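Source file: protein05.cif (mmCIF, C-alpha atoms)
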```
data_input
loop_
_atom_site.label_atom_id
_atom_site.label_comp_id
_atom_site.auth_asym_id
_atom_site.auth_seq_id
_atom_site.Cartn_x
_atom_site.Cartn_y
_atom_site.Cartn_z
CA MET A 1 54.46 17.52 29.61
CA THR A 2 51.71 17.27 27.01
CA THR A 3 49.21 14.55 26.45
CA THR A 4 47.69 13.57 23.15
CA ALA A 5 44.05 12.53 23.04
CA THR A 6 43.53 9.30 21.21
CA THR A 7 40.50 8.37 19.20
CA PRO A 8 39.28 4.76 19.23
CA PRO A 9 40.14 3.07 15.92
CA GLY A 10 36.53 2.11 15.27
CA THR A 11 35.35 5.69 15.71
CA ALA A 12 38.03 7.02 13.39
CA LYS A 13 37.13 4.45 10.78
CA ARG A 14 33.45 5.36 10.95
CA ARG A 15 34.22 9.06 10.65
CA SER A 16 36.56 8.60 7.72
CA SER A 17 34.15 6.42 5.83
CA GLY A 18 31.09 8.46 6.68
CA GLY A 19 29.35 5.39 8.13
CA GLY A 20 26.59 6.06 10.58
CA SER A 21 25.75 9.39 8.95
CA LEU A 22 22.03 10.12 8.85
CA GLY A 23 22.43 12.32 5.78
CA ARG A 24 24.31 9.63 3.88
CA TYR A 25 21.76 7.00 4.83
CA LEU A 26 18.83 9.11 3.66
CA LEU A 27 20.62 10.07 0.44
CA VAL A 28 21.25 6.42 -0.41
CA ARG A 29 17.65 5.51 0.35
CA PHE A 30 16.39 8.35 -1.83
CA LEU A 31 18.64 7.38 -4.75
CA LEU A 32 17.38 3.81 -4.55
CA ILE A 33 13.94 5.04 -5.59
CA PHE A 34 15.07 5.57 -9.18
CA PRO A 35 16.49 2.09 -9.95
CA THR A 36 13.51 0.52 -8.17
CA VAL A 37 10.99 2.34 -10.35
CA PHE A 38 13.14 1.79 -13.45
CA ILE A 39 13.34 -1.97 -12.89
CA LEU A 40 9.61 -2.31 -12.23
CA VAL A 41 8.66 -0.23 -15.27
CA THR A 42 11.04 -2.26 -17.44
CA MET A 43 9.68 -5.57 -16.17
CA VAL A 44 6.09 -4.52 -16.81
CA PHE A 45 6.95 -3.32 -20.32
CA LEU A 46 8.70 -6.57 -21.25
CA ILE A 47 6.02 -8.81 -19.71
CA MET A 48 3.26 -6.92 -21.50
CA ARG A 49 5.08 -7.41 -24.81
CA THR A 50 5.47 -11.18 -24.48
CA THR A 51 2.05 -11.67 -26.11
CA GLY A 52 2.73 -9.30 -28.99
CA ASP A 53 1.83 -5.68 -29.65
CA PRO A 54 -0.84 -4.04 -27.43
CA ILE A 55 -3.11 -3.11 -30.36
CA THR A 56 -3.51 -6.71 -31.50
CA ALA A 57 -3.91 -7.91 -27.90
CA ALA A 58 -6.65 -5.38 -27.13
CA LEU A 59 -8.46 -5.03 -30.45
CA GLY A 60 -7.62 -8.20 -32.35
CA GLY A 61 -10.78 -9.75 -33.77
CA ARG A 62 -12.76 -6.52 -33.31
CA LEU A 63 -11.31 -4.60 -36.27
CA PRO A 64 -10.73 -5.59 -39.88
CA ALA A 65 -7.16 -6.62 -40.67
CA ASP A 66 -6.35 -3.45 -42.63
CA GLN A 67 -7.63 -1.14 -39.89
CA LEU A 68 -5.77 -3.16 -37.27
CA GLN A 69 -2.49 -2.83 -39.20
CA GLU A 70 -3.11 0.89 -39.65
CA ARG A 71 -3.58 1.31 -35.88
CA ILE A 72 -0.41 -0.68 -35.23
CA ARG A 73 1.57 1.49 -37.64
CA GLU A 74 0.19 4.75 -36.22
CA ALA A 75 1.06 3.70 -32.66
CA GLY A 76 4.57 2.64 -33.70
CA TYR A 77 4.23 -0.95 -32.53
CA ASP A 78 5.67 -2.24 -35.81
CA ARG A 79 9.10 -0.83 -34.90
CA PRO A 80 11.88 -2.80 -33.14
CA LEU A 81 11.21 -3.56 -29.48
CA LEU A 82 14.26 -1.62 -28.29
CA VAL A 83 13.05 1.51 -30.05
CA GLN A 84 9.60 1.15 -28.49
CA TYR A 85 11.17 0.65 -25.06
CA LEU A 86 13.37 3.73 -25.27
CA GLU A 87 10.45 5.83 -26.48
CA TYR A 88 8.27 4.51 -23.65
CA LEU A 89 10.93 5.41 -21.06
CA GLY A 90 11.13 8.91 -22.50
CA GLN A 91 7.37 9.31 -22.23
CA VAL A 92 7.29 8.00 -18.65
CA PHE A 93 10.01 10.39 -17.50
CA THR A 94 8.01 13.31 -18.93
CA GLY A 95 4.80 12.15 -17.25
CA ASN A 96 3.16 10.94 -20.46
CA PHE A 97 1.80 7.41 -20.04
CA GLY A 98 0.00 7.32 -23.37
CA THR A 99 -3.65 6.75 -24.27
CA THR A 100 -5.72 3.73 -23.30
CA LEU A 101 -6.56 1.46 -26.19
CA THR A 102 -10.07 0.41 -25.19
CA ASP A 103 -11.69 3.73 -24.23
CA ARG A 104 -9.20 6.25 -25.68
CA GLN A 105 -8.52 8.10 -22.41
CA GLN A 106 -5.28 9.69 -21.32
CA VAL A 107 -3.71 7.32 -18.80
CA THR A 108 -2.80 10.29 -16.59
CA ASP A 109 -6.51 11.22 -16.46
CA VAL A 110 -7.33 7.69 -15.32
CA LEU A 111 -4.64 7.89 -12.64
CA PHE A 112 -5.90 11.21 -11.27
CA ARG A 113 -9.55 10.18 -11.43
CA TYR A 114 -9.24 6.87 -9.59
CA GLY A 115 -6.02 7.23 -7.60
CA GLY A 116 -7.71 8.97 -4.69
CA ALA A 117 -10.10 6.07 -4.17
CA THR A 118 -7.26 3.58 -3.83
CA LEU A 119 -5.34 5.81 -1.43
CA GLU A 120 -8.50 6.26 0.62
CA LEU A 121 -9.04 2.50 0.81
CA ALA A 122 -5.40 1.96 1.85
CA PHE A 123 -5.88 4.58 4.58
CA TYR A 124 -8.94 2.78 5.96
CA ALA A 125 -7.08 -0.54 5.85
CA LEU A 126 -4.12 0.88 7.78
CA ILE A 127 -6.46 2.18 10.48
CA VAL A 128 -7.98 -1.28 10.82
CA ALA A 129 -4.52 -2.87 10.90
CA PHE A 130 -3.35 -0.55 13.69
CA LEU A 131 -6.54 -0.83 15.75
CA VAL A 132 -6.61 -4.63 15.52
CA GLY A 133 -2.98 -5.70 15.20
CA ILE A 134 -1.25 -3.59 17.86
CA PRO A 135 -3.64 -4.07 20.83
CA LEU A 136 -4.07 -7.78 20.13
CA GLY A 137 -0.31 -8.18 19.75
CA MET A 138 0.22 -6.58 23.16
CA LEU A 139 -2.49 -8.81 24.66
CA ALA A 140 -0.92 -11.93 23.14
CA ALA A 141 2.43 -10.99 24.69
CA ALA A 142 0.82 -10.39 28.09
CA VAL A 143 -0.81 -13.87 28.07
CA ARG A 144 1.98 -15.64 26.18
CA ASP A 145 2.10 -19.43 26.17
CA ARG A 146 -1.49 -19.65 27.41
CA TRP A 147 -4.69 -20.52 25.57
CA GLY A 148 -5.47 -16.85 24.85
CA ASP A 149 -2.08 -16.44 23.18
CA ALA A 150 -2.68 -19.56 21.06
CA ILE A 151 -6.07 -18.25 19.89
CA LEU A 152 -4.61 -14.87 18.93
CA ARG A 153 -1.75 -16.48 17.02
CA VAL A 154 -4.20 -18.63 15.06
CA PHE A 155 -6.25 -15.49 14.38
CA ALA A 156 -3.13 -13.73 13.06
CA ILE A 157 -2.36 -16.63 10.72
CA LEU A 158 -5.93 -16.62 9.43
CA CYS A 159 -5.75 -12.86 8.81
CA TYR A 160 -2.74 -12.90 6.49
CA ALA A 161 -3.37 -16.37 5.01
CA THR A 162 -7.01 -15.86 4.00
CA PRO A 163 -7.35 -14.48 0.44
CA VAL A 164 -8.65 -10.94 0.64
CA PHE A 165 -11.43 -11.57 -1.89
CA PHE A 166 -12.65 -14.55 0.18
CA ALA A 167 -12.65 -12.45 3.36
CA GLY A 168 -14.57 -9.76 1.48
CA LEU A 169 -17.20 -12.22 0.27
CA LEU A 170 -17.67 -13.60 3.79
CA LEU A 171 -18.09 -10.11 5.21
CA LYS A 172 -20.64 -9.26 2.53
CA LEU A 173 -22.61 -12.45 3.18
CA VAL A 174 -22.73 -11.85 6.93
CA PHE A 175 -23.16 -8.08 7.29
CA SER A 176 -24.82 -7.13 4.00
CA VAL A 177 -26.85 -10.12 2.84
CA GLY A 178 -27.49 -11.80 6.21
CA LEU A 179 -27.82 -8.95 8.69
CA GLY A 180 -28.45 -6.15 6.20
CA VAL A 181 -26.65 -3.57 8.34
CA LEU A 182 -23.92 -2.47 5.92
CA PRO A 183 -23.85 -1.62 2.19
CA VAL A 184 -22.89 -4.46 -0.09
CA ALA A 185 -20.75 -2.51 -2.59
CA GLY A 186 -19.67 0.88 -3.86
CA ARG A 187 -18.01 3.89 -2.24
CA ALA A 188 -21.28 5.69 -1.48
CA SER A 189 -24.96 5.58 -2.32
CA VAL A 190 -26.12 7.06 -5.62
CA ARG A 191 -27.66 10.07 -3.86
CA VAL A 192 -24.41 10.84 -2.03
CA GLU A 193 -22.27 10.36 -5.15
CA LEU A 194 -24.42 12.90 -6.97
CA ALA A 195 -24.05 15.33 -4.06
CA LEU A 196 -20.28 14.86 -3.96
CA GLY A 197 -20.09 15.39 -7.71
CA ARG A 198 -21.65 18.83 -7.34
CA ILE A 199 -19.02 20.29 -5.00
CA ASP A 200 -16.31 22.56 -6.39
CA ASN A 201 -12.92 20.99 -7.13
CA PRO A 202 -13.58 17.51 -5.70
CA THR A 203 -10.48 15.70 -4.42
CA GLY A 204 -11.65 12.22 -5.42
CA ILE A 205 -11.27 11.15 -1.78
CA TYR A 206 -14.87 10.78 -0.68
CA LEU A 207 -14.24 11.24 3.03
CA ILE A 208 -12.55 14.62 2.50
CA ASP A 209 -15.24 15.72 0.06
CA ALA A 210 -17.95 14.55 2.47
CA PHE A 211 -16.49 16.68 5.29
CA ARG A 212 -16.37 19.62 2.91
CA THR A 213 -20.13 19.40 2.48
CA GLY A 214 -20.65 19.62 6.23
CA ASN A 215 -23.57 17.20 5.96
CA PRO A 216 -23.40 14.46 8.64
CA ASN A 217 -25.65 12.17 6.59
CA ILE A 218 -23.21 12.25 3.67
CA ILE A 219 -20.25 11.66 6.00
CA GLY A 220 -22.04 8.72 7.63
CA ASP A 221 -22.95 7.19 4.27
CA VAL A 222 -19.33 7.35 3.07
CA LEU A 223 -18.04 5.79 6.30
CA LEU A 224 -20.63 3.00 6.18
CA HIS A 225 -19.55 2.05 2.67
CA ALA A 226 -15.89 2.03 3.79
CA ILE A 227 -16.29 -0.38 6.72
CA LEU A 228 -16.36 -3.74 4.93
CA PRO A 229 -13.65 -2.98 2.32
CA GLY A 230 -11.45 -1.45 5.02
CA ILE A 231 -11.84 -4.49 7.26
CA ALA A 232 -11.29 -7.00 4.45
CA LEU A 233 -8.06 -5.35 3.35
CA GLY A 234 -6.93 -4.22 6.82
CA LEU A 235 -7.04 -7.68 8.37
CA LEU A 236 -4.42 -8.76 5.84
CA THR A 237 -1.92 -6.42 7.51
CA ALA A 238 -3.36 -6.69 11.02
CA GLY A 239 -2.18 -10.29 11.25
CA VAL A 240 1.38 -9.25 10.41
CA PHE A 241 1.28 -6.44 12.97
CA LEU A 242 -0.11 -8.78 15.64
CA ARG A 243 2.71 -11.30 15.26
CA LEU A 244 5.36 -8.60 15.04
CA VAL A 245 4.16 -6.71 18.13
CA ARG A 246 3.82 -9.93 20.11
CA THR A 247 7.36 -11.04 19.30
CA ASN A 248 8.94 -7.67 20.09
CA VAL A 249 6.97 -7.13 23.30
CA ILE A 250 8.03 -10.57 24.55
CA GLY A 251 11.63 -9.67 23.75
CA THR A 252 11.33 -6.38 25.62
CA LEU A 253 9.75 -8.08 28.63
CA ALA A 254 12.93 -10.15 28.99
CA MET A 255 15.10 -7.04 29.42
CA PRO A 256 16.77 -6.45 32.83
CA TYR A 257 14.92 -3.21 33.56
CA VAL A 258 11.60 -5.00 33.06
CA ASP A 259 12.73 -7.81 35.37
CA ALA A 260 13.53 -5.19 37.99
CA ALA A 261 10.05 -3.71 37.65
CA ARG A 262 8.54 -7.20 37.83
CA SER A 263 10.44 -7.92 41.04
CA ARG A 264 8.71 -4.93 42.63
CA GLY A 265 5.38 -6.66 42.13
CA ILE A 266 4.13 -4.81 39.04
CA ARG A 267 1.54 -6.85 37.15
CA GLU A 268 2.40 -8.26 33.72
CA ILE A 269 -0.30 -6.37 31.86
CA ARG A 270 0.97 -3.09 33.33
CA LEU A 271 4.53 -3.97 32.32
CA VAL A 272 3.32 -4.45 28.76
CA ARG A 273 1.35 -1.21 28.79
CA THR A 274 3.99 1.03 30.42
CA HIS A 275 7.38 -0.50 29.59
CA ALA A 276 7.27 -2.78 26.58
CA TYR A 277 4.91 -1.41 23.98
CA LYS A 278 6.88 1.67 22.85
CA PRO A 279 10.05 -0.23 21.83
CA ALA A 280 7.82 -2.78 20.09
CA LEU A 281 6.32 -0.12 17.83
CA ILE A 282 9.64 0.69 16.12
CA PRO A 283 9.64 -2.52 14.01
CA ILE A 284 6.05 -1.74 12.99
CA ILE A 285 7.24 1.51 11.40
CA THR A 286 10.04 -0.23 9.52
CA VAL A 287 7.67 -2.74 7.87
CA ILE A 288 4.92 -0.28 6.97
CA GLY A 289 6.56 0.30 3.59
CA LEU A 290 6.35 -3.39 2.76
CA GLN A 291 2.77 -3.51 3.99
CA ILE A 292 1.82 -0.59 1.73
CA ALA A 293 2.94 -2.68 -1.24
CA MET A 294 0.83 -5.56 0.09
CA LEU A 295 -2.16 -3.28 0.57
CA LEU A 296 -1.93 -1.92 -2.97
CA GLY A 297 -1.70 -5.46 -4.31
CA GLY A 298 -4.67 -6.52 -2.20
CA ALA A 299 -6.58 -3.43 -3.31
CA VAL A 300 -7.02 -4.97 -6.77
CA LEU A 301 -9.04 -7.86 -5.35
CA THR A 302 -10.74 -5.78 -2.66
CA GLU A 303 -11.91 -3.11 -5.09
CA THR A 304 -13.16 -5.75 -7.49
CA THR A 305 -15.02 -7.58 -4.73
CA PHE A 306 -16.72 -4.44 -3.41
CA GLU A 307 -16.96 -2.58 -6.74
CA TRP A 308 -14.81 0.15 -5.23
CA GLN A 309 -14.01 2.39 -8.19
CA GLY A 310 -10.27 2.82 -7.70
CA LEU A 311 -7.06 2.03 -9.53
CA GLY A 312 -7.26 -1.63 -8.52
CA PHE A 313 -10.73 -1.95 -10.02
CA GLN A 314 -9.60 -0.22 -13.21
CA LEU A 315 -6.45 -2.34 -13.38
CA ALA A 316 -8.52 -5.52 -13.28
CA ARG A 317 -10.82 -4.14 -15.98
CA TYR A 318 -7.96 -3.15 -18.26
CA LEU A 319 -6.22 -6.48 -17.71
CA SER A 320 -9.32 -8.37 -18.79
CA ALA A 321 -9.52 -6.12 -21.85
CA ARG A 322 -5.76 -6.67 -22.48
CA ASP A 323 -5.26 -2.91 -22.58
CA PHE A 324 -1.53 -3.02 -21.88
CA VAL A 325 -0.99 0.72 -22.23
CA ALA A 326 -3.34 1.41 -19.33
CA VAL A 327 -1.87 -1.45 -17.29
CA GLN A 328 1.65 -0.10 -17.75
CA GLY A 329 0.63 3.36 -16.58
CA ILE A 330 -1.24 2.14 -13.49
CA VAL A 331 1.55 -0.23 -12.45
CA ALA A 332 4.15 2.52 -12.95
CA LEU A 333 2.20 4.84 -10.64
CA LEU A 334 1.81 2.12 -8.01
CA ALA A 335 5.56 1.47 -8.21
CA VAL A 336 6.28 5.16 -7.58
CA ILE A 337 3.86 5.21 -4.62
CA VAL A 338 5.48 2.14 -3.06
CA ALA A 339 9.00 3.50 -3.57
CA LEU A 340 8.16 6.91 -2.10
CA THR A 341 6.33 5.33 0.84
CA ASN A 342 9.33 3.15 1.63
CA PHE A 343 11.57 6.22 1.55
CA VAL A 344 9.30 8.16 3.93
CA VAL A 345 9.17 5.15 6.27
CA ASP A 346 12.96 4.88 6.20
CA VAL A 347 13.25 8.57 7.11
CA ILE A 348 10.86 8.18 10.06
CA ALA A 349 12.60 5.01 11.26
CA ALA A 350 16.02 6.67 11.07
CA LEU A 351 14.81 9.69 13.05
CA ILE A 352 13.26 7.70 15.88
CA ASP A 353 15.84 4.90 16.02
CA PRO A 354 19.53 5.96 15.88
CA ARG A 355 20.55 2.36 15.21
CA VAL A 356 19.09 2.57 11.68
CA ARG A 357 22.06 3.63 9.60
CA TYR A 358 24.23 2.36 6.80
#
```

Any chance you could put this one into structure tokens?
Amino acid sequence: MTTTATTPPGTAKRRSSGGGSLGRYLLVRFLLIFPTVFILVTMVFLIMRTTGDPITAALGGRLPADQLQERIREAGYDRPLLVQYLEYLGQVFTGNFGTTLTDRQQVTDVLFRYGGATLELAFYALIVAFLVGIPLGMLAAAVRDRWGDAILRVFAILCYATPVFFAGLLLKLVFSVGLGVLPVAGRASVRVELALGRIDNPTGIYLIDAFRTGNPNIIGDVLLHAILPGIALGLLTAGVFLRLVRTNVIGTLAMPYVDAARSRGIREIRLVRTHAYKPALIPIITVIGLQIAMLLGGAVLTETTFEWQGLGFQLARYLSARDFVAVQGIVALLAVIVALTNFVVDVIAALIDPRVRY
């Protein structure tokens, strides 16, 4: 007598459709990068063209009419919009973002020169967000529904509701103007910038270049200049992390295995520290991609407030000059960074949490 093993219908359906496959999930997430970047680049192109051709927008009133028309003809902005759009897409896919209209630089040169500063600022802001948001979120969960929890929740709301430029101005008034303990603006002092400019093959990320010099005074100067911008931008994300960690830790504390530990007399703060915080960190990883987009958006105002010479600072400058070619290139790069960051975050989340699948 033989027996035939049966497979549950749900399992067979998942296997036949490929659902739950890590490889399929990652492939889909990777392929989504291309339509995301394409849509963003298209939107920026069309929005920039709503006020006319870039030459007139940037140089109108500065050049005689005949020279202006000659520049428009040479750049090809007198052709149909569809032709310009298709040519622009072709240039973007080959890594050619054109030449800025106001200072005649290659956009790719601008991206390489100032991109490191923006990435460095985002790195400092993430450190602040982790150091502030996660511990305070755990503390709020440990003292939930008490006055300490209420204060921390109000603090979280203030963090992500306060405009980043306003937070930056307050920090400058208190720590730079009032107390005089931190630099008011810039990425480093003039002396240090000159020293960093003399090293071979600088990365554009001042902290890395400062460590390459081996001079503790240069390293300290770079870190001092990074404190206020990092805090101003990092608090924006710290508030989100605080609320997210608090909510997930409270949910974990209601699990049966935590109740069993509580019945043995283990204190609440120890339960949070030993049982609840690790599961609560998984949602943090899944939202980091969204927070990177928020940080890059906030970097425009932060860099302008602190005169931090990065892509955000240059984007604001080119926007005021109506240099749409430069704006398109910078926004396209930021779109690629956000899309790639989201993909990396999705990979990490799928590896540490088997429930994350299509």

message = Which residues, named as in the file, does the PyMOL selection byres ((chain A and resi 238) around 7) pick out? Answer as a list of chain:residue names.
response =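 With the shown file as input, the PyMOL selection byres ((chain A and resi 238) around 7) matches A:Ala129, A:Phe130, A:Val132, A:Gly133, A:Cys159, A:Gly234, A:Leu235, A:Leu236, A:Thr237, A:Gly239, A:Val240, A:Phe241, A:Leu242.
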
Selected residues written out, C-alpha atoms, as a PDB file, keeping the file's coordinate frame:
```
ATOM      1  CA  ALA A 129      -4.520  -2.870  10.900  1.00  0.00           C
ATOM      2  CA  PHE A 130      -3.350  -0.550  13.690  1.00  0.00           C
ATOM      3  CA  VAL A 132      -6.610  -4.630  15.520  1.00  0.00           C
ATOM      4  CA  GLY A 133      -2.980  -5.700  15.200  1.00  0.00           C
ATOM      5  CA  CYS A 159      -5.750 -12.860   8.810  1.00  0.00           C
ATOM      6  CA  GLY A 234      -6.930  -4.220   6.820  1.00  0.00           C
ATOM      7  CA  LEU A 235      -7.040  -7.680   8.370  1.00  0.00           C
ATOM      8  CA  LEU A 236      -4.420  -8.760   5.840  1.00  0.00           C
ATOM      9  CA  THR A 237      -1.920  -6.420   7.510  1.00  0.00           C
ATOM     10  CA  GLY A 239      -2.180 -10.290  11.250  1.00  0.00           C
ATOM     11  CA  VAL A 240       1.380  -9.250  10.410  1.00  0.00           C
ATOM     12  CA  PHE A 241       1.280  -6.440  12.970  1.00  0.00           C
ATOM     13  CA  LEU A 242      -0.110  -8.780  15.640  1.00  0.00           C
TER      14      LEU A 242
END
```

message = Taking the file as I've supplied it (selection: the PyMOL selection byres ((chain A and resi 250) around 9)), which residues are included? Please answer as a list in words.
response = Met138, Ala141, Ala142, Arg144, Val245, Arg246, Thr247, Asn248, Val249, Gly251, Thr252, Leu253, Ala254, Val272, Ala276 and Ala280 of chain A

How would the residues just chosen look if you wrote them out with C-alpha atoms as a PDB file, in the coordinates of the input?
```pdb
ATOM      1  CA  MET A 138       0.220  -6.580  23.160  1.00  0.00           C
ATOM      2  CA  ALA A 141       2.430 -10.990  24.690  1.00  0.00           C
ATOM      3  CA  ALA A 142       0.820 -10.390  28.090  1.00  0.00           C
ATOM      4  CA  ARG A 144       1.980 -15.640  26.180  1.00  0.00           C
ATOM      5  CA  VAL A 245       4.160  -6.710  18.130  1.00  0.00           C
ATOM      6  CA  ARG A 246       3.820  -9.930  20.110  1.00  0.00           C
ATOM      7  CA  THR A 247       7.360 -11.040  19.300  1.00  0.00           C
ATOM      8  CA  ASN A 248       8.940  -7.670  20.090  1.00  0.00           C
ATOM      9  CA  VAL A 249       6.970  -7.130  23.300  1.00  0.00           C
ATOM     10  CA  GLY A 251      11.630  -9.670  23.750  1.00  0.00           C
ATOM     11  CA  THR A 252      11.330  -6.380  25.620  1.00  0.00           C
ATOM     12  CA  LEU A 253       9.750  -8.080  28.630  1.00  0.00           C
ATOM     13  CA  ALA A 254      12.930 -10.150  28.990  1.00  0.00           C
ATOM     14  CA  VAL A 272       3.320  -4.450  28.760  1.00  0.00           C
ATOM     15  CA  ALA A 276       7.270  -2.780  26.580  1.00  0.00           C
ATOM     16  CA  ALA A 280       7.820  -2.780  20.090  1.00  0.00           C
TER      17      ALA A 280
END
```

query = How would you write as a PyMOL selection string the residues that get within 9 Å of (-20.7, -7.8, 2.2) in the file's frame, counting all atoms listed in the file?
reply = chain A and resi 168-178+180+182-185+228-229+305-306

Could you please take those selected residues and save C-alpha atoms as a PDB file, in the coordinates of the input?
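Printed below is selection38.pdb as written:
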```
ATOM      1  CA  GLY A 168     -14.570  -9.760   1.480  1.00  0.00           C
ATOM      2  CA  LEU A 169     -17.200 -12.220   0.270  1.00  0.00           C
ATOM      3  CA  LEU A 170     -17.670 -13.600   3.790  1.00  0.00           C
ATOM      4  CA  LEU A 171     -18.090 -10.110   5.210  1.00  0.00           C
ATOM      5  CA  LYS A 172     -20.640  -9.260   2.530  1.00  0.00           C
ATOM      6  CA  LEU A 173     -22.610 -12.450   3.180  1.00  0.00           C
ATOM      7  CA  VAL A 174     -22.730 -11.850   6.930  1.00  0.00           C
ATOM      8  CA  PHE A 175     -23.160  -8.080   7.290  1.00  0.00           C
ATOM      9  CA  SER A 176     -24.820  -7.130   4.000  1.00  0.00           C
ATOM     10  CA  VAL A 177     -26.850 -10.120   2.840  1.00  0.00           C
ATOM     11  CA  GLY A 178     -27.490 -11.800   6.210  1.00  0.00           C
ATOM     12  CA  GLY A 180     -28.450  -6.150   6.200  1.00  0.00           C
ATOM     13  CA  LEU A 182     -23.920  -2.470   5.920  1.00  0.00           C
ATOM     14  CA  PRO A 183     -23.850  -1.620   2.190  1.00  0.00           C
ATOM     15  CA  VAL A 184     -22.890  -4.460  -0.090  1.00  0.00           C
ATOM     16  CA  ALA A 185     -20.750  -2.510  -2.590  1.00  0.00           C
ATOM     17  CA  LEU A 228     -16.360  -3.740   4.930  1.00  0.00           C
ATOM     18  CA  PRO A 229     -13.650  -2.980   2.320  1.00  0.00           C
ATOM     19  CA  THR A 305     -15.020  -7.580  -4.730  1.00  0.00           C
ATOM     20  CA  PHE A 306     -16.720  -4.440  -3.410  1.00  0.00           C
TER      21      PHE A 306
END
```

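Going from atom CA of A:Thr100 over to atom CA of A:Phe324, you cover 8.1 Å.
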
What lies within 12 Å of A:Tyr85 using all atoms listed in the file, ignoring chain neighbours under 5 positions off, as a tab-separated table (two decimals) with C-alpha atoms, keeping the file's coordinate frame?
```tsv
chain	number	residue	atom	x	y	z
A	38	PHE	CA	13.14	1.79	-13.45
A	41	VAL	CA	8.66	-0.23	-15.27
A	42	THR	CA	11.04	-2.26	-17.44
A	43	MET	CA	9.68	-5.57	-16.17
A	44	VAL	CA	6.09	-4.52	-16.81
A	45	PHE	CA	6.95	-3.32	-20.32
A	46	LEU	CA	8.70	-6.57	-21.25
A	48	MET	CA	3.26	-6.92	-21.50
A	49	ARG	CA	5.08	-7.41	-24.81
A	76	GLY	CA	4.57	2.64	-33.70
A	77	TYR	CA	4.23	-0.95	-32.53
A	79	ARG	CA	9.10	-0.83	-34.90
A	80	PRO	CA	11.88	-2.80	-33.14
A	90	GLY	CA	11.13	8.91	-22.50
A	91	GLN	CA	7.37	9.31	-22.23
A	92	VAL	CA	7.29	8.00	-18.65
```

Could you complete stretch 23-34 of chain A so that it carries N, CA and C atoms, and give it back as a PDB file, in the frame of the given file?
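Ended up saving to part-v3.pdb:
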```pdb
ATOM      1  N   GLY A  23      22.568  11.734   7.110  1.00  0.00           N
ATOM      2  CA  GLY A  23      22.430  12.320   5.780  1.00  0.00           C
ATOM      3  C   GLY A  23      22.795  11.343   4.680  1.00  0.00           C
ATOM      4  N   ARG A  24      23.889  10.599   4.899  1.00  0.00           N
ATOM      5  CA  ARG A  24      24.310   9.630   3.880  1.00  0.00           C
ATOM      6  C   ARG A  24      23.277   8.514   3.734  1.00  0.00           C
ATOM      7  N   TYR A  25      22.755   8.058   4.861  1.00  0.00           N
ATOM      8  CA  TYR A  25      21.760   7.000   4.830  1.00  0.00           C
ATOM      9  C   TYR A  25      20.525   7.433   4.044  1.00  0.00           C
ATOM     10  N   LEU A  26      20.025   8.631   4.336  1.00  0.00           N
ATOM     11  CA  LEU A  26      18.830   9.110   3.660  1.00  0.00           C
ATOM     12  C   LEU A  26      19.080   9.353   2.183  1.00  0.00           C
ATOM     13  N   LEU A  27      20.288   9.848   1.852  1.00  0.00           N
ATOM     14  CA  LEU A  27      20.620  10.070   0.440  1.00  0.00           C
ATOM     15  C   LEU A  27      20.626   8.757  -0.334  1.00  0.00           C
ATOM     16  N   VAL A  28      21.215   7.727   0.261  1.00  0.00           N
ATOM     17  CA  VAL A  28      21.250   6.420  -0.410  1.00  0.00           C
ATOM     18  C   VAL A  28      19.836   5.875  -0.591  1.00  0.00           C
ATOM     19  N   ARG A  29      19.018   6.002   0.457  1.00  0.00           N
ATOM     20  CA  ARG A  29      17.650   5.510   0.350  1.00  0.00           C
ATOM     21  C   ARG A  29      16.859   6.268  -0.714  1.00  0.00           C
ATOM     22  N   PHE A  30      17.097   7.566  -0.817  1.00  0.00           N
ATOM     23  CA  PHE A  30      16.390   8.350  -1.830  1.00  0.00           C
ATOM     24  C   PHE A  30      16.840   7.946  -3.237  1.00  0.00           C
ATOM     25  N   LEU A  31      18.132   7.747  -3.427  1.00  0.00           N
ATOM     26  CA  LEU A  31      18.640   7.380  -4.750  1.00  0.00           C
ATOM     27  C   LEU A  31      18.166   6.000  -5.176  1.00  0.00           C
ATOM     28  N   LEU A  32      17.861   5.145  -4.206  1.00  0.00           N
ATOM     29  CA  LEU A  32      17.380   3.810  -4.550  1.00  0.00           C
ATOM     30  C   LEU A  32      15.980   3.827  -5.159  1.00  0.00           C
ATOM     31  N   ILE A  33      15.269   4.945  -5.001  1.00  0.00           N
ATOM     32  CA  ILE A  33      13.940   5.040  -5.590  1.00  0.00           C
ATOM     33  C   ILE A  33      14.014   4.895  -7.104  1.00  0.00           C
ATOM     34  N   PHE A  34      15.002   5.535  -7.717  1.00  0.00           N
ATOM     35  CA  PHE A  34      15.070   5.570  -9.180  1.00  0.00           C
ATOM     36  C   PHE A  34      15.333   4.211  -9.810  1.00  0.00           C
TER      37      PHE A  34
END
```
